[in-house]
Amino acid sequence: MISKKYIFLLFAVILLGSFNGCKIGPNYKRPQTDLGKQYRFSSQTDTLSFADTAWTKLFRDTVLHNLIKKGLKYNFDLRIAYSRINEALAQFKAVRAQLFPAISAEGSALYQSMETAPSGTIQYKDVYGTANLSWELDIWGKLRRAKESARAQMLSQVAYQQAVYINLISSIALGYYNLIEYRDELTITKYTVKIREDALTLVKGKLIAGTVSGLVVAQAEAELATVRAQVPSMEQAIGIQENAIKLLLGELPGEVKGGGQLMAQIDTTIIPKAGIPSRLIVRRPDIIESEQQLVSANAEIGVARGKMLPSISINASLGFSTLGAGLIGSAVGGLVAPIFGFGKLRANLRKAQAVNEQMLINYQKTIYNAIGEVSNGMLSVDKQHQMVVQQRALNNAAQTAFDLSNQLWNAGYASYLDVIDAQRLLYQAQIQLSQAQLSSLQSVVNLYLALGGGWK
């Protein structure tokens, strides 16, 4: 008979082995990926990046600050992302619990009365209760690999939430800038309507005086009607944009107040530096999410391999009965080993390996896509700034041409067609300048997003 001392030692060895033994399957190691030393269209080789700037410092408009704060509190997608983290955390805890014994209790009460002849009635009374323990020993590390996979899935959801977070900040900022630009276009258009109304009044006076023909009046009326026709579509665009911003805030459709000058929205003292590509791996949430999915897939290979090996479990119970025996107990050790399953377990292993390969390719693709977005962002910031400079020069020239055409026409040295052409050129130049300024702002925000700025 084996003494209790040796039974205890055997149990201790199994326990230590289940928690400290090696885990079956490959250990995760971050893949080596060629990131390059610098981004294309950037000569920077240091780690300084304007993505390290808090969004409250980058965006100067306090109205925009309040909108973003509301969005971060009430946005539907962000709230769903937080809920997904809670779901993943619960799943992680459920998987982790499989490493420990499951303990349950049950009880029953019995009363039985039986009529017998000739002695009379026999009664039986019993109160029975047991505590049960079941435990699968993690000899091969299968359960710990499952825990590792669940933890990685939880962290991927955290990274997903961070991606939603920074995308929400940029979406609110870009939506707000679009709204300001639409309102600027409407202001420019209404100003142009006023100019052409004044011009129509002037040419009507000249018609009465006999110095112009009815053709000039008709041309002035057509030009006025052309610009007036732009107003409803611009007002429609403003209303739709306001509703879109409200949705981002988790609010019902409504007016969005505020809006200063476009080029005063971002702190121009903050230079949009990109830093170096290797920083993206630890900054961009989508890369972090992709890597955690790779970690999970890698761990699932260990889970699949562990299912191909024998499993050891312990089932024990301890109870008490008032009828007869008093204390009762039992302990059973079980060994289950897969022998033949028509290749099911091996197929599951190959499936886990294929998923791991997919996650590896997706991880590499995500990194390359991020580097491409930053490279495009650097180019866009530079070129959009140049476009603003050129559009501002065009706007100044168009304003000069418009002023001169009016002076020459009033002096009788130019035709009204020259005035019309100058009006059209000025209107287009003003609209294009406003749109160029918007594009310049968008390029800075998009680069900030591409670098993973806003959540740290």
# chains A, B, ... in the order shown; residues from 1 in each chain; ligands from 1

call {"tool": "residues_around", "arguments": {"residues": "Gly306 (chain A)", "least_positions_apart": "3", "cutoff": "9 Å", "atoms": "only C-alpha atoms", "output": "list in words"}}
result
Lys23, Ile24, Gly25, Trp140, Gly141, Lys142, Leu143, Arg145, Ile301, Gly302, Val303, Leu309, Pro310 and Ser311 of chain A

call {"tool": "write_last_selection", "arguments": {"atoms": "C-alpha atoms", "output": "tab-separated table (two decimals), in the first residue's frame"}}
result
chain	number	residue	atom	x	y	z
A	23	LYS	CA	4.17	24.91	-22.95
A	24	ILE	CA	3.66	22.94	-26.11
A	25	GLY	CA	3.76	24.86	-29.35
A	140	TRP	CA	1.50	20.05	-21.68
A	141	GLY	CA	0.58	23.73	-21.34
A	142	LYS	CA	-2.49	23.45	-23.58
A	143	LEU	CA	-4.65	25.47	-21.21
A	145	ARG	CA	-1.69	28.47	-24.47
A	301	ILE	CA	-1.10	26.22	-32.58
A	302	GLY	CA	-0.08	25.09	-29.09
A	303	VAL	CA	-3.72	24.50	-28.17
A	309	LEU	CA	-1.72	14.50	-26.46
A	310	PRO	CA	-3.14	12.63	-23.45
A	311	SER	CA	-4.98	14.66	-20.82

call {"tool": "select_by_dssp", "arguments": {"residues": "region 290-408 of chain A", "states": "strand (DSSP E or B)", "output": "list in words"}}
result
Ser311, Ile312, Ser313, Ile314, Asn315, Ala316, Ser317, Leu318, Gly319, Phe320, Ser321, Gly326, Leu327, Ile328, Gly329, Ser330, Ala331, Val332, Gly333, Gly334, Leu335 and Val336 of chain A

call {"tool": "write_last_selection", "arguments": {"atoms": "N, CA and C atoms", "output": "PDB file, in the first residue's frame"}}
result
ATOM      1  N   SER A 311      -4.604  13.699 -21.861  1.00  0.00           N
ATOM      2  CA  SER A 311      -4.980  14.656 -20.823  1.00  0.00           C
ATOM      3  C   SER A 311      -5.251  13.903 -19.533  1.00  0.00           C
ATOM      4  N   ILE A 312      -4.867  14.489 -18.429  1.00  0.00           N
ATOM      5  CA  ILE A 312      -5.039  13.897 -17.113  1.00  0.00           C
ATOM      6  C   ILE A 312      -5.984  14.773 -16.298  1.00  0.00           C
ATOM      7  N   SER A 313      -6.949  14.127 -15.672  1.00  0.00           N
ATOM      8  CA  SER A 313      -7.909  14.874 -14.866  1.00  0.00           C
ATOM      9  C   SER A 313      -8.101  14.190 -13.530  1.00  0.00           C
ATOM     10  N   ILE A 314      -8.495  14.959 -12.541  1.00  0.00           N
ATOM     11  CA  ILE A 314      -8.763  14.471 -11.196  1.00  0.00           C
ATOM     12  C   ILE A 314     -10.188  14.826 -10.830  1.00  0.00           C
ATOM     13  N   ASN A 315     -10.927  13.860 -10.327  1.00  0.00           N
ATOM     14  CA  ASN A 315     -12.273  14.095  -9.836  1.00  0.00           C
ATOM     15  C   ASN A 315     -12.341  13.565  -8.413  1.00  0.00           C
ATOM     16  N   ALA A 316     -12.736  14.387  -7.493  1.00  0.00           N
ATOM     17  CA  ALA A 316     -12.801  14.000  -6.087  1.00  0.00           C
ATOM     18  C   ALA A 316     -14.066  14.558  -5.461  1.00  0.00           C
ATOM     19  N   SER A 317     -14.526  13.865  -4.435  1.00  0.00           N
ATOM     20  CA  SER A 317     -15.707  14.331  -3.715  1.00  0.00           C
ATOM     21  C   SER A 317     -15.565  13.991  -2.243  1.00  0.00           C
ATOM     22  N   LEU A 318     -16.134  14.806  -1.413  1.00  0.00           N
ATOM     23  CA  LEU A 318     -16.145  14.597   0.032  1.00  0.00           C
ATOM     24  C   LEU A 318     -17.524  14.977   0.537  1.00  0.00           C
ATOM     25  N   GLY A 319     -18.142  14.034   1.258  1.00  0.00           N
ATOM     26  CA  GLY A 319     -19.506  14.306   1.689  1.00  0.00           C
ATOM     27  C   GLY A 319     -19.808  13.744   3.070  1.00  0.00           C
ATOM     28  N   PHE A 320     -21.066  13.926   3.456  1.00  0.00           N
ATOM     29  CA  PHE A 320     -21.523  13.457   4.760  1.00  0.00           C
ATOM     30  C   PHE A 320     -22.953  12.970   4.633  1.00  0.00           C
ATOM     31  N   SER A 321     -23.215  11.860   5.224  1.00  0.00           N
ATOM     32  CA  SER A 321     -24.565  11.303   5.230  1.00  0.00           C
ATOM     33  C   SER A 321     -24.957  10.981   6.657  1.00  0.00           C
ATOM     34  N   GLY A 326     -21.741   8.165   7.523  1.00  0.00           N
ATOM     35  CA  GLY A 326     -21.193   9.428   8.018  1.00  0.00           C
ATOM     36  C   GLY A 326     -20.372  10.099   6.940  1.00  0.00           C
ATOM     37  N   LEU A 327     -19.087  10.308   7.194  1.00  0.00           N
ATOM     38  CA  LEU A 327     -18.207  10.901   6.192  1.00  0.00           C
ATOM     39  C   LEU A 327     -17.947   9.910   5.065  1.00  0.00           C
ATOM     40  N   ILE A 328     -18.084  10.417   3.825  1.00  0.00           N
ATOM     41  CA  ILE A 328     -17.800   9.590   2.661  1.00  0.00           C
ATOM     42  C   ILE A 328     -16.953  10.396   1.686  1.00  0.00           C
ATOM     43  N   GLY A 329     -16.109   9.745   0.973  1.00  0.00           N
ATOM     44  CA  GLY A 329     -15.252  10.443   0.023  1.00  0.00           C
ATOM     45  C   GLY A 329     -14.763   9.525  -1.058  1.00  0.00           C
ATOM     46  N   SER A 330     -14.353  10.150  -2.172  1.00  0.00           N
ATOM     47  CA  SER A 330     -13.813   9.380  -3.287  1.00  0.00           C
ATOM     48  C   SER A 330     -12.862  10.255  -4.080  1.00  0.00           C
ATOM     49  N   ALA A 331     -11.926   9.641  -4.765  1.00  0.00           N
ATOM     50  CA  ALA A 331     -10.980  10.345  -5.635  1.00  0.00           C
ATOM     51  C   ALA A 331     -10.675   9.447  -6.814  1.00  0.00           C
ATOM     52  N   VAL A 332     -10.761  10.039  -8.015  1.00  0.00           N
ATOM     53  CA  VAL A 332     -10.545   9.280  -9.239  1.00  0.00           C
ATOM     54  C   VAL A 332      -9.615  10.067 -10.140  1.00  0.00           C
ATOM     55  N   GLY A 333      -8.610   9.445 -10.644  1.00  0.00           N
ATOM     56  CA  GLY A 333      -7.743  10.050 -11.638  1.00  0.00           C
ATOM     57  C   GLY A 333      -8.039   9.453 -13.002  1.00  0.00           C
ATOM     58  N   GLY A 334      -8.151  10.309 -14.019  1.00  0.00           N
ATOM     59  CA  GLY A 334      -8.498   9.829 -15.358  1.00  0.00           C
ATOM     60  C   GLY A 334      -7.451  10.216 -16.387  1.00  0.00           C
ATOM     61  N   LEU A 335      -7.238   9.336 -17.314  1.00  0.00           N
ATOM     62  CA  LEU A 335      -6.320   9.581 -18.421  1.00  0.00           C
ATOM     63  C   LEU A 335      -7.055   9.336 -19.730  1.00  0.00           C
ATOM     64  N   VAL A 336      -7.084  10.367 -20.582  1.00  0.00           N
ATOM     65  CA  VAL A 336      -7.731  10.249 -21.885  1.00  0.00           C
ATOM     66  C   VAL A 336      -6.692  10.544 -22.954  1.00  0.00           C
TER      67      VAL A 336
END

call {"tool": "atom_distance", "arguments": {"atom1": "CA of Leu449 (chain A)", "atom2": "CA of Arg151 (chain A)"}}
result
26.7 Å

call {"tool": "atom_distance", "arguments": {"atom1": "CA of Gln230 (chain A)", "atom2": "CA of Asn410 (chain A)"}}
result
28.0 Å

call {"tool": "residues_around", "arguments": {"residues": "Leu451 (chain A)", "least_positions_apart": "3", "cutoff": "9 Å", "atoms": "only C-alpha atoms", "output": "list of chain:residue names"}}
result
A:Ser49, A:Phe50, A:Ala51, A:Ala274, A:Gly275, A:Arg279, A:Leu280, A:Arg283, A:Arg284, A:Ala370, A:Ile371, A:Glu373, A:Val374, A:Asn446, A:Leu447, A:Tyr448

call {"tool": "write_last_selection", "arguments": {"atoms": "N, CA and C atoms", "output": "JSON list (two decimals), in the first residue's frame"}}
result
[["chain", "number", "residue", "atom", "x", "y", "z"],
["A", 49, "SER", "N", 8.48, 63.14, -33.26],
["A", 49, "SER", "CA", 7.29, 63.10, -34.11],
["A", 49, "SER", "C", 6.22, 63.99, -33.52],
["A", 50, "PHE", "N", 5.52, 64.69, -34.39],
["A", 50, "PHE", "CA", 4.45, 65.55, -33.85],
["A", 50, "PHE", "C", 3.24, 64.72, -33.43],
["A", 51, "ALA", "N", 3.29, 63.40, -33.65],
["A", 51, "ALA", "CA", 2.25, 62.51, -33.13],
["A", 51, "ALA", "C", 2.31, 62.44, -31.61],
["A", 274, "ALA", "N", 7.61, 63.46, -38.90],
["A", 274, "ALA", "CA", 7.10, 62.09, -38.92],
["A", 274, "ALA", "C", 7.84, 61.17, -37.96],
["A", 275, "GLY", "N", 9.10, 61.44, -37.68],
["A", 275, "GLY", "CA", 9.89, 60.50, -36.89],
["A", 275, "GLY", "C", 10.45, 59.39, -37.77],
["A", 279, "ARG", "N", 8.97, 53.40, -34.98],
["A", 279, "ARG", "CA", 8.09, 53.86, -33.92],
["A", 279, "ARG", "C", 6.63, 53.50, -34.18],
["A", 280, "LEU", "N", 6.29, 53.25, -35.44],
["A", 280, "LEU", "CA", 4.90, 52.95, -35.76],
["A", 280, "LEU", "C", 4.43, 51.67, -35.10],
["A", 283, "ARG", "N", 3.14, 52.47, -31.80],
["A", 283, "ARG", "CA", 2.25, 53.62, -31.69],
["A", 283, "ARG", "C", 0.92, 53.41, -32.42],
["A", 284, "ARG", "N", 0.95, 52.87, -33.63],
["A", 284, "ARG", "CA", -0.29, 52.75, -34.39],
["A", 284, "ARG", "C", -1.16, 51.63, -33.82],
["A", 370, "ALA", "N", 0.77, 51.22, -43.21],
["A", 370, "ALA", "CA", 0.96, 52.37, -42.32],
["A", 370, "ALA", "C", 2.12, 53.24, -42.79],
["A", 371, "ILE", "N", 3.22, 52.61, -43.17],
["A", 371, "ILE", "CA", 4.37, 53.37, -43.67],
["A", 371, "ILE", "C", 4.00, 54.13, -44.94],
["A", 373, "GLU", "N", 0.97, 55.21, -45.72],
["A", 373, "GLU", "CA", 0.10, 56.32, -45.35],
["A", 373, "GLU", "C", 0.90, 57.50, -44.80],
["A", 374, "VAL", "N", 1.92, 57.20, -44.00],
["A", 374, "VAL", "CA", 2.75, 58.29, -43.47],
["A", 374, "VAL", "C", 3.54, 58.97, -44.59],
["A", 446, "ASN", "N", -4.64, 64.17, -41.26],
["A", 446, "ASN", "CA", -4.46, 62.81, -41.77],
["A", 446, "ASN", "C", -3.07, 62.27, -41.45],
["A", 447, "LEU", "N", -2.05, 63.12, -41.50],
["A", 447, "LEU", "CA", -0.71, 62.68, -41.13],
["A", 447, "LEU", "C", -0.65, 62.37, -39.64],
["A", 448, "TYR", "N", -1.28, 63.20, -38.85],
["A", 448, "TYR", "CA", -1.36, 62.98, -37.40],
["A", 448, "TYR", "C", -2.01, 61.63, -37.10]]
